[in-house]
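To be precise, the following lines are input.cif, and they hold mmCIF, C-alpha atoms.
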```
data_start
loop_
_atom_site.label_atom_id
_atom_site.label_comp_id
_atom_site.auth_asym_id
_atom_site.auth_seq_id
_atom_site.Cartn_x
_atom_site.Cartn_y
_atom_site.Cartn_z
CA MET A 1 -15.25 15.09 -5.80
CA GLU A 2 -16.30 15.06 -2.16
CA PRO A 3 -14.31 12.62 -0.01
CA THR A 4 -16.26 9.73 1.45
CA ASP A 5 -16.28 8.88 5.14
CA ASP A 6 -13.90 6.05 4.31
CA ASP A 7 -11.54 8.40 2.49
CA ILE A 8 -11.40 10.63 5.54
CA ASP A 9 -11.00 7.70 7.91
CA ARG A 10 -8.00 6.39 5.96
CA PHE A 11 -6.16 9.58 6.87
CA VAL A 12 -7.41 10.62 10.30
CA THR A 13 -6.48 7.27 11.86
CA VAL A 14 -2.82 7.52 10.82
CA LEU A 15 -2.09 11.21 10.10
CA PRO A 16 -1.11 13.13 13.25
CA PHE A 17 -3.22 16.26 13.64
CA ASP A 18 -0.22 18.20 14.91
CA ARG A 19 1.51 17.56 11.57
CA MET A 20 -1.17 19.31 9.54
CA HIS A 21 -0.43 22.85 8.38
CA ALA A 22 -3.20 25.11 7.10
CA ALA A 23 -2.81 28.34 5.15
CA ARG A 24 -5.49 30.91 5.97
CA ASP A 25 -6.41 34.23 4.38
CA ASP A 26 -8.83 36.54 6.17
CA GLY A 27 -10.38 33.60 8.02
CA ARG A 28 -10.56 31.32 4.97
CA THR A 29 -8.54 28.12 4.71
CA VAL A 30 -6.87 28.31 1.29
CA GLY A 31 -4.36 25.47 1.46
CA GLY A 32 -2.85 22.74 3.55
CA ALA A 33 -0.05 20.20 3.89
CA GLY A 34 0.37 17.17 6.13
CA ALA A 35 3.03 14.63 7.01
CA PHE A 36 3.06 11.10 8.32
CA SER A 37 5.69 10.12 10.87
CA PHE A 38 7.74 7.38 9.21
CA ASP A 39 11.09 5.69 9.30
CA LEU A 40 12.51 5.16 5.81
CA SER A 41 14.81 2.27 4.93
CA VAL A 42 18.19 3.39 3.60
CA PRO A 43 21.19 1.62 2.04
CA GLY A 44 22.70 -0.79 4.54
CA GLY A 45 19.33 -1.86 5.98
CA GLY A 46 18.99 0.94 8.52
CA ASP A 47 16.13 3.33 9.20
CA VAL A 48 16.04 7.14 9.13
CA GLY A 49 13.33 9.36 10.58
CA CYS A 50 11.30 10.74 7.70
CA ALA A 51 8.32 13.03 7.20
CA GLY A 52 5.97 11.37 4.70
CA VAL A 53 4.57 14.48 3.03
CA THR A 54 0.95 14.13 1.91
CA VAL A 55 -2.35 15.96 1.17
CA VAL A 56 -0.61 19.10 -0.10
CA GLY A 57 -2.88 21.49 -1.94
CA VAL A 58 -3.86 25.09 -2.56
CA TYR A 59 -7.26 26.33 -3.68
CA PRO A 60 -7.26 27.33 -7.37
CA THR A 61 -8.53 30.77 -6.35
CA ASP A 62 -5.35 31.40 -4.36
CA ARG A 63 -2.62 30.06 -6.63
CA ARG A 64 0.45 32.14 -7.55
CA ARG A 65 0.31 34.01 -4.25
CA GLY A 66 3.07 32.22 -2.32
CA VAL A 67 0.72 29.93 -0.37
CA LEU A 68 2.54 26.71 -1.29
CA THR A 69 5.92 28.26 -0.53
CA ALA A 70 4.66 29.31 2.92
CA LEU A 71 3.34 25.81 3.56
CA MET A 72 6.62 24.19 2.52
CA ARG A 73 8.53 26.66 4.68
CA ALA A 74 6.44 25.88 7.76
CA GLN A 75 6.52 22.15 7.14
CA LEU A 76 10.27 21.81 6.58
CA ASP A 77 10.99 23.98 9.62
CA ASP A 78 8.75 21.65 11.64
CA VAL A 79 10.46 18.55 10.24
CA ARG A 80 13.83 19.97 11.27
CA ALA A 81 12.54 20.82 14.75
CA ARG A 82 11.34 17.23 15.15
CA GLY A 83 14.82 15.94 14.35
CA GLU A 84 13.83 14.05 11.19
CA PRO A 85 16.72 14.11 8.69
CA LEU A 86 14.50 13.33 5.67
CA ALA A 87 11.24 14.24 4.01
CA ALA A 88 9.75 12.20 1.18
CA LEU A 89 6.69 12.27 -1.05
CA TRP A 90 5.00 11.01 -4.20
CA ALA A 91 4.54 13.99 -6.49
CA SER A 92 1.12 14.43 -8.05
CA GLU A 93 2.79 16.82 -10.49
CA GLU A 94 6.51 16.39 -11.06
CA THR A 95 7.25 20.09 -11.61
CA ILE A 96 6.20 21.23 -8.15
CA TYR A 97 8.67 20.03 -5.55
CA GLY A 98 12.12 20.39 -7.07
CA ARG A 99 12.27 24.05 -6.11
CA PHE A 100 11.77 23.03 -2.47
CA GLY A 101 14.72 20.63 -2.56
CA TYR A 102 13.04 17.31 -3.42
CA GLY A 103 14.72 15.06 -5.98
CA VAL A 104 13.49 11.93 -7.75
CA ALA A 105 15.06 9.08 -5.78
CA ALA A 106 13.24 6.01 -7.12
CA TRP A 107 11.62 4.89 -10.35
CA GLY A 108 8.88 2.34 -10.91
CA VAL A 109 7.79 -0.01 -13.66
CA GLU A 110 4.14 -0.58 -14.48
CA GLY A 111 2.25 -2.33 -17.26
CA SER A 112 -0.01 -5.26 -18.11
CA VAL A 113 1.10 -8.78 -18.97
CA PRO A 114 -1.29 -10.40 -21.50
CA HIS A 115 -2.23 -13.92 -20.46
CA GLU A 116 -0.94 -15.39 -23.72
CA TYR A 117 2.49 -13.84 -23.13
CA ALA A 118 2.87 -14.71 -19.45
CA ALA A 119 5.40 -17.54 -19.90
CA PHE A 120 8.83 -17.19 -18.35
CA VAL A 121 11.99 -17.41 -20.42
CA LYS A 122 12.52 -20.92 -18.98
CA ARG A 123 10.71 -23.24 -16.63
CA PHE A 124 11.75 -23.30 -12.99
CA ASP A 125 10.59 -25.81 -10.40
CA PRO A 126 8.78 -24.13 -7.48
CA VAL A 127 10.56 -24.01 -4.13
CA GLY A 128 7.42 -23.59 -2.04
CA SER A 129 3.66 -23.31 -2.17
CA VAL A 130 1.09 -20.51 -2.17
CA ARG A 131 -2.12 -20.51 -0.16
CA LEU A 132 -5.02 -18.12 0.23
CA VAL A 133 -5.41 -16.55 3.65
CA SER A 134 -8.03 -14.39 5.32
CA ALA A 135 -7.45 -10.74 6.14
CA GLU A 136 -7.11 -11.74 9.81
CA GLU A 137 -4.33 -14.23 9.05
CA ALA A 138 -2.73 -11.76 6.66
CA ALA A 139 -2.54 -9.26 9.52
CA GLU A 140 -0.24 -11.69 11.35
CA LEU A 141 1.83 -13.05 8.45
CA LEU A 142 2.37 -10.10 6.09
CA PRO A 143 3.94 -7.38 8.31
CA PRO A 144 7.09 -9.42 9.22
CA LEU A 145 7.65 -10.17 5.52
CA TYR A 146 7.29 -6.49 4.64
CA ASP A 147 9.81 -5.65 7.37
CA GLU A 148 12.23 -8.08 5.74
CA LEU A 149 11.69 -6.33 2.40
CA ARG A 150 12.60 -3.04 4.12
CA ARG A 151 15.88 -4.56 5.29
CA GLN A 152 16.65 -5.59 1.72
CA ARG A 153 15.48 -2.48 -0.14
CA PRO A 154 15.99 1.21 0.57
CA GLY A 155 13.00 3.49 0.09
CA ALA A 156 10.28 1.58 1.98
CA PHE A 157 8.57 3.21 4.96
CA THR A 158 7.42 1.73 8.26
CA ARG A 159 3.82 0.54 8.55
CA SER A 160 2.14 0.59 11.94
CA PRO A 161 -0.57 -1.97 12.85
CA THR A 162 -3.13 0.82 12.36
CA TRP A 163 -1.72 1.49 8.88
CA TRP A 164 -1.95 -2.20 7.95
CA GLU A 165 -5.51 -2.45 9.18
CA GLY A 166 -6.91 0.80 7.81
CA ARG A 167 -5.06 1.19 4.50
CA LEU A 168 -4.08 -2.30 3.36
CA LEU A 169 -6.26 -5.02 4.89
CA ARG A 170 -9.58 -3.22 5.23
CA ASP A 171 -11.52 -3.48 1.98
CA PRO A 172 -14.81 -1.57 1.80
CA PRO A 173 -16.63 -1.81 -1.56
CA GLU A 174 -16.17 1.91 -2.33
CA ARG A 175 -12.41 1.37 -2.63
CA ARG A 176 -12.69 -1.34 -5.28
CA GLN A 177 -13.39 0.85 -8.34
CA GLY A 178 -15.48 -1.80 -10.05
CA ALA A 179 -13.20 -4.70 -9.17
CA GLY A 180 -13.74 -7.53 -6.70
CA PRO A 181 -12.53 -7.86 -3.12
CA LYS A 182 -8.89 -8.14 -2.19
CA ARG A 183 -7.42 -11.63 -2.17
CA PHE A 184 -4.47 -12.37 0.09
CA VAL A 185 -1.97 -15.18 -0.47
CA VAL A 186 1.13 -16.23 1.43
CA HIS A 187 4.07 -18.12 -0.06
CA GLU A 188 5.69 -20.68 2.24
CA THR A 189 8.99 -22.51 1.96
CA ASP A 190 9.44 -25.50 4.26
CA GLY A 191 6.48 -24.26 6.27
CA GLN A 192 7.85 -20.74 6.77
CA PRO A 193 6.35 -17.60 5.19
CA THR A 194 8.68 -16.29 2.46
CA GLY A 195 6.45 -14.03 0.36
CA TYR A 196 2.97 -12.67 -0.18
CA ALA A 197 0.64 -10.98 -2.63
CA PHE A 198 -2.66 -9.18 -2.53
CA TYR A 199 -4.68 -8.49 -5.63
CA ARG A 200 -8.15 -8.03 -7.13
CA HIS A 201 -10.08 -9.44 -10.05
CA LYS A 202 -11.94 -7.07 -12.34
CA PHE A 203 -14.29 -9.48 -14.10
CA ALA A 204 -15.33 -9.06 -17.72
CA TYR A 205 -16.40 -11.24 -20.64
CA GLU A 206 -16.25 -10.12 -24.26
CA ALA A 207 -17.36 -12.08 -27.32
CA GLY A 208 -17.62 -15.24 -25.25
CA VAL A 209 -14.07 -15.16 -23.85
CA PRO A 210 -12.66 -13.86 -20.55
CA ALA A 211 -11.51 -10.24 -20.67
CA SER A 212 -10.87 -9.92 -16.95
CA GLU A 213 -7.99 -8.08 -15.31
CA LEU A 214 -6.03 -9.33 -12.35
CA ILE A 215 -4.80 -6.21 -10.56
CA VAL A 216 -1.71 -6.85 -8.43
CA LEU A 217 -1.60 -4.39 -5.54
CA GLU A 218 1.56 -5.68 -3.87
CA ALA A 219 3.63 -8.83 -4.34
CA PHE A 220 7.14 -10.01 -3.56
CA GLY A 221 9.22 -12.78 -2.08
CA VAL A 222 12.03 -12.34 0.40
CA THR A 223 14.22 -14.68 -1.68
CA PRO A 224 14.62 -14.79 -5.48
CA ALA A 225 13.02 -18.24 -5.61
CA ALA A 226 10.03 -17.11 -3.55
CA ASP A 227 9.67 -14.02 -5.75
CA HIS A 228 9.54 -16.32 -8.77
CA ASP A 229 6.88 -18.55 -7.19
CA VAL A 230 4.67 -15.61 -6.16
CA TRP A 231 4.67 -14.12 -9.65
CA ARG A 232 4.23 -17.48 -11.35
CA TYR A 233 1.12 -18.00 -9.22
CA LEU A 234 -0.28 -14.59 -10.15
CA LEU A 235 0.38 -14.98 -13.88
CA ASP A 236 -1.21 -18.46 -13.93
CA ILE A 237 -4.56 -17.49 -12.40
CA ASP A 238 -7.34 -18.48 -14.80
CA TRP A 239 -9.92 -16.16 -16.36
CA SER A 240 -7.44 -13.29 -16.52
CA ALA A 241 -6.88 -11.74 -19.90
CA LYS A 242 -4.05 -9.69 -18.41
CA VAL A 243 -2.24 -9.10 -15.16
CA LYS A 244 -1.70 -5.45 -14.24
CA LEU A 245 1.60 -4.59 -12.58
CA TRP A 246 2.02 -1.63 -10.29
CA MET A 247 5.24 0.29 -9.62
CA LEU A 248 7.82 -2.47 -9.44
CA PRO A 249 11.46 -1.42 -8.91
CA LEU A 250 13.59 -0.99 -12.02
CA ASP A 251 15.59 -4.12 -11.23
CA HIS A 252 12.61 -6.34 -10.42
CA PRO A 253 13.34 -9.90 -11.65
CA LEU A 254 10.04 -10.13 -13.53
CA VAL A 255 11.46 -7.88 -16.24
CA LEU A 256 14.06 -10.55 -17.04
CA LEU A 257 11.90 -13.58 -16.20
CA LEU A 258 9.31 -12.91 -18.92
CA GLY A 259 10.01 -14.74 -22.16
CA THR A 260 8.44 -11.90 -24.18
CA PRO A 261 9.33 -8.74 -22.22
CA ARG A 262 8.12 -6.47 -25.05
CA ARG A 263 4.49 -7.55 -24.80
CA PRO A 264 3.59 -5.93 -21.45
CA ALA A 265 4.43 -2.47 -22.88
CA LEU A 266 6.10 -1.55 -19.62
CA ARG A 267 6.20 2.11 -18.59
CA ILE A 268 8.74 3.72 -16.29
CA GLY A 269 7.79 6.65 -14.09
CA ASP A 270 9.03 8.53 -11.06
CA THR A 271 7.87 7.26 -7.67
CA LEU A 272 9.53 8.41 -4.44
CA TRP A 273 11.00 11.90 -4.12
CA VAL A 274 13.46 12.57 -1.28
CA ARG A 275 14.49 15.78 0.46
CA LEU A 276 17.50 15.93 2.83
CA VAL A 277 16.33 18.17 5.66
CA ASP A 278 19.50 17.65 7.70
CA VAL A 279 22.27 16.81 5.24
CA GLY A 280 24.82 15.77 7.84
CA ALA A 281 22.46 13.50 9.78
CA ALA A 282 20.97 11.98 6.63
CA LEU A 283 24.33 11.24 5.03
CA SER A 284 25.62 9.75 8.30
CA ALA A 285 22.59 7.45 8.63
CA ARG A 286 23.12 5.32 5.51
CA ALA A 287 25.85 2.80 4.72
CA TYR A 288 28.52 3.26 2.04
CA ARG A 289 30.87 1.10 0.04
CA ASP A 290 34.55 1.14 0.84
CA GLY A 291 36.32 3.91 -1.01
CA ALA A 292 38.21 7.15 -0.81
CA PRO A 293 36.45 10.04 0.98
CA ALA A 294 34.34 12.39 -1.10
CA VAL A 295 33.56 16.04 -0.39
CA ILE A 296 30.19 17.30 -1.59
CA GLU A 297 29.45 21.01 -1.80
CA VAL A 298 25.72 21.46 -1.30
CA ARG A 299 23.61 24.41 -2.42
CA ASP A 300 20.31 24.72 -0.55
CA PRO A 301 18.79 28.21 -0.61
CA PHE A 302 15.45 27.03 0.82
CA CYS A 303 17.05 25.36 3.88
CA ALA A 304 20.21 27.41 4.22
CA TRP A 305 21.41 25.45 7.27
CA ASN A 306 22.45 22.67 4.85
CA GLU A 307 24.68 24.81 2.67
CA GLY A 308 28.37 24.12 2.65
CA ARG A 309 30.82 21.29 2.15
CA TRP A 310 30.24 17.85 3.58
CA LYS A 311 32.93 15.18 3.73
CA VAL A 312 31.73 11.58 3.53
CA ALA A 313 34.33 9.30 5.08
CA ASP A 314 34.34 6.26 7.37
CA GLY A 315 30.56 5.90 7.09
CA ALA A 316 29.67 9.39 8.30
CA ALA A 317 29.42 12.95 7.06
CA ALA A 318 30.79 16.10 8.66
CA ARG A 319 31.34 19.69 7.65
CA THR A 320 34.72 20.44 6.14
CA ASP A 321 36.78 23.19 4.55
CA ASP A 322 38.43 20.72 2.16
CA GLU A 323 38.16 21.33 -1.55
CA PRO A 324 35.01 19.74 -3.00
CA ASP A 325 34.94 16.74 -5.30
CA VAL A 326 31.44 17.54 -6.59
CA ARG A 327 29.00 20.45 -6.36
CA CYS A 328 25.23 20.05 -6.53
CA ASP A 329 21.90 21.40 -5.39
CA VAL A 330 20.24 19.54 -2.54
CA ASP A 331 17.57 18.06 -4.84
CA ALA A 332 20.27 16.27 -6.85
CA LEU A 333 21.72 14.91 -3.63
CA GLY A 334 18.24 13.66 -2.74
CA SER A 335 18.17 11.76 -6.03
CA ALA A 336 21.50 10.09 -5.28
CA TYR A 337 20.81 9.41 -1.61
CA LEU A 338 19.11 5.99 -1.87
CA GLY A 339 21.34 4.76 -4.68
CA GLY A 340 18.69 4.94 -7.38
CA VAL A 341 20.53 7.61 -9.39
CA THR A 342 24.31 7.88 -9.76
CA PHE A 343 26.37 11.05 -9.63
CA ALA A 344 27.58 10.18 -13.14
CA GLN A 345 23.98 10.19 -14.41
CA LEU A 346 23.33 13.48 -12.67
CA ALA A 347 26.52 14.96 -14.15
CA ARG A 348 25.48 13.95 -17.66
CA ALA A 349 22.17 15.70 -17.00
CA ARG A 350 24.14 18.79 -15.82
CA ARG A 351 22.70 18.41 -12.34
CA VAL A 352 26.08 17.77 -10.69
CA GLU A 353 29.38 19.54 -11.34
CA GLU A 354 32.68 17.73 -10.94
CA ALA A 355 34.91 20.09 -8.96
CA ARG A 356 38.04 17.91 -8.86
CA GLU A 357 39.24 15.33 -11.32
CA GLY A 358 37.85 11.93 -10.37
CA GLY A 359 35.32 13.44 -7.98
CA ILE A 360 32.30 11.86 -9.67
CA VAL A 361 33.93 8.42 -9.54
CA ARG A 362 34.82 8.83 -5.86
CA ALA A 363 31.27 9.85 -4.97
CA ASP A 364 29.75 6.96 -6.93
CA ASP A 365 32.20 4.48 -5.40
CA LEU A 366 30.76 5.40 -2.01
CA PHE A 367 27.07 5.83 -2.80
CA ARG A 368 26.49 2.95 -5.24
CA THR A 369 24.07 0.20 -4.09
CA ASP A 370 23.38 -3.35 -5.26
CA VAL A 371 19.60 -2.86 -5.53
CA GLN A 372 17.29 -0.14 -6.72
CA PRO A 373 15.19 1.66 -4.10
CA TRP A 374 11.54 0.66 -3.92
CA CYS A 375 8.57 2.29 -2.24
CA PRO A 376 5.65 -0.06 -3.03
CA GLU A 377 2.85 2.19 -1.78
CA ILE A 378 1.72 5.74 -2.49
CA PHE A 379 1.16 7.76 0.65
#
```

Please re-express this file's structure in structure tokens.
Amino acid sequence: MEPTDDDIDRFVTVLPFDRMHAARDDGRTVGGAGAFSFDLSVPGGGDVGCAGVTVVGVYPTDRRRGVLTALMRAQLDDVRARGEPLAALWASEETIYGRFGYGVAAWGVEGSVPHEYAAFVKRFDPVGSVRLVSAEEAAELLPPLYDELRRQRPGAFTRSPTWWEGRLLRDPPERRQGAGPKRFVVHETDGQPTGYAFYRHKFAYEAGVPASELIVLEAFGVTPAADHDVWRYLLDIDWSAKVKLWMLPLDHPLVLLLGTPRRPALRIGDTLWVRLVDVGAALSARAYRDGAPAVIEVRDPFCAWNEGRWKVADGAAARTDDEPDVRCDVDALGSAYLGGVTFAQLARARRVEEAREGGIVRADDLFRTDVQPWCPEIF
């Protein structure tokens, strides 16, 4: 399918040209890979420089010839040269990126809530109110709320004003895929914005009754009560046979709020994949729980500068000759980095080896987080 002018515009306005790599063979372009320049939220509410890997592809005529490996080599070398400790992506095919050091770091929940099963387990009085706003007003009110989400949740990337305008607020008909225009709402508590949602209606009538879908593109509140109000509003909109959910975090309150959680037929899938490009800098950039130090022996044949033992202590990581507590490949460390996967889970999957008794517990005591990571948008 040929990209439209709008498809191209969505990328060229926010994707730096000097971050595009092209693979060429005898004058032909046979593959490419790009990266956005992001900061990624990490446990503790901080930000880490991150390459948002995107538009990776190789022509089918040139597969199995090392083109992708060459692209990943050039890109990760460039990321390192730019001083970005992390790279992250959404994998179009989950078998591709593990061999280049990326690990699944976040999981998402999706499904559809039938209108007749949209009741919550109990009734709660609203704490605020929801109002429709224009795209122009949304441009002022939504970004600060999203920034608050980033402080609360690891895994969310920075959005520039150009990103908001070109990828989230702008709504040409060719992006709608048969649905209606985007609707924007803001939740307010005591006159202050505390949440938002944007969504579409896909109208349909069958046998004389509404069969429409309400497609939620992004929705949350910055407090539990606001989150409740936003989702109660969405589930109560009339003429919707079902409300489609998109990539909520595993611990999203809606899963426990619904009185009939079986009915949406929720599906869990991988979302954000993370690659530690500079292990020491990345580990030193996030916050940890109080606990005994842990030494992690990292294997990273693709980025050999990361190989060795890293001691996590006093909120930072440094090289060490101490005996390791755990051993793992760098992709497994990427899975554990944001707190979405524990070392114990990885050990049960034979992805992490305990090198000293109690090593898994010590590592998890440090890395564990109170919330699951969440990246609400594919890039």

Please write the residues picked by the PyMOL selection byres ((chain A and resi 304-308) around 12) on this file as a PyMOL selection string. chain A and resi 73+76-77+80+85+100-101+275-283+295-303+309-311+318-324+326-331+333

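Going from atom CA of A:Leu40 over to atom CA of A:Asp9, you cover 23.7 Å.
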
Given the PyMOL selection byres ((chain A and resi 216) around 12) and the file above, list the residues it selects as a PyMOL selection string. chain A and resi 110-113+179+182-185+196-202+213-215+217-220+230-231+233-235+237+240+242-248+376

Non-local contacts of stretch 52-59 of chain A (8 Å; all atoms listed in the file; under 3 positions in same chain excluded) as a list of chain:residue names: A:Val30, A:Gly31, A:Gly32, A:Ala33, A:Gly34, A:Ala35, A:Phe36, A:Ser37, A:Phe38, A:Asp62, A:Arg63, A:Val67, A:Leu68, A:Ala87, A:Ala88, A:Leu89, A:Trp90, A:Phe379

With stretch 249-268 of chain A as the partner and 9 Å as the cut-off, tabulate the residues of stretch 75-123 of chain A that qualify, each row holding the nearest pair of atoms and their distance in Å to one decimal, using all atoms listed in the file, sorted by chain and rising number, as CSV.
```
residue,atom,partner,partner_atom,distance
A:Ala106,CA,A:Pro249,CA,7.8
A:Trp107,CA,A:Leu250,CA,6.4
A:Gly108,CA,A:Pro249,CA,5.0
A:Val109,CA,A:Ile268,CA,4.7
A:Glu110,CA,A:Arg267,CA,5.3
A:Gly111,CA,A:Leu266,CA,4.6
A:Ser112,CA,A:Pro264,CA,5.0
A:Val113,CA,A:Pro264,CA,4.5
A:Pro114,CA,A:Pro264,CA,6.6
A:Tyr117,CA,A:Thr260,CA,6.3
A:Ala118,CA,A:Leu258,CA,6.7
A:Ala119,CA,A:Gly259,CA,5.8
A:Phe120,CA,A:Leu258,CA,4.3
A:Val121,CA,A:Gly259,CA,3.8
A:Lys122,CA,A:Gly259,CA,7.4
```

Would you please work out which residue, of A:Ala207, A:Leu149, A:Val12, A:Leu142, is nearest to A:Leu168 when using all atoms listed in the file? A:Leu142

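Between A:Ala225 and the residues A:Gly128, A:Gly315, A:Gly66, A:Gly45, the shortest atom-to-atom distance, using only C-alpha atoms, involves A:Gly128.
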
Please indicate the distance in Å from atom CA of A:Ser212 to atom CA of A:Glu116, rounded to one decimal place. 13.2 Å

Within 10 Å of A:Glu165, counting all atoms listed in the file, which residues show up once you throw out same-chain ones fewer than 3 positions away? Write them as a short mmCIF file (atom, residue, chain, number, x, y, z; two decimals) with C-alpha atoms, keeping the file's coordinate frame, please.
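Just written: around.cif:
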```cif
data_model
loop_
_atom_site.label_atom_id
_atom_site.label_comp_id
_atom_site.auth_asym_id
_atom_site.auth_seq_id
_atom_site.Cartn_x
_atom_site.Cartn_y
_atom_site.Cartn_z
CA ARG A 10 -8.00 6.39 5.96
CA ALA A 135 -7.45 -10.74 6.14
CA GLU A 136 -7.11 -11.74 9.81
CA ALA A 139 -2.54 -9.26 9.52
CA ARG A 159 3.82 0.54 8.55
CA SER A 160 2.14 0.59 11.94
CA PRO A 161 -0.57 -1.97 12.85
CA THR A 162 -3.13 0.82 12.36
CA LEU A 168 -4.08 -2.30 3.36
CA LEU A 169 -6.26 -5.02 4.89
CA ARG A 170 -9.58 -3.22 5.23
CA ASP A 171 -11.52 -3.48 1.98
#
```

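When the PyMOL selection byres ((chain A and resi 359) around 9) is evaluated on the file shown here, the picked residues come out as Ala294, Val295, Pro324, Asp325, Val326, Glu354, Ala355, Arg356, Glu357, Gly358, Ile360, Val361, Arg362, Ala363 and Asp364 of chain A.
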
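Using only C-alpha atoms, the shortest contact distance between A:Pro43 and any of A:Pro154, A:Gly103, A:Pro172, A:Pro60 is found at A:Pro154.
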
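The shortest atom-to-atom distance to A:Gly339, with only C-alpha atoms taken into account, belongs to A:Phe367 out of A:Phe17, A:Phe157, A:Tyr288, A:Phe367.
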
Atom CA of A:Ser284 and atom CA of A:Thr69 are how many Å apart? 28.4 Å

So, with all atoms listed in the file as the atoms that count, which of A:Val186, A:Ala81, A:Ile8, A:Ala105 lies closest to A:Leu132? A:Val186

Taking all atoms listed in the file into account, name the residue in A:Tyr205, A:Trp163, A:Trp273, A:Tyr337 that is nearest to A:Gly98. A:Trp273
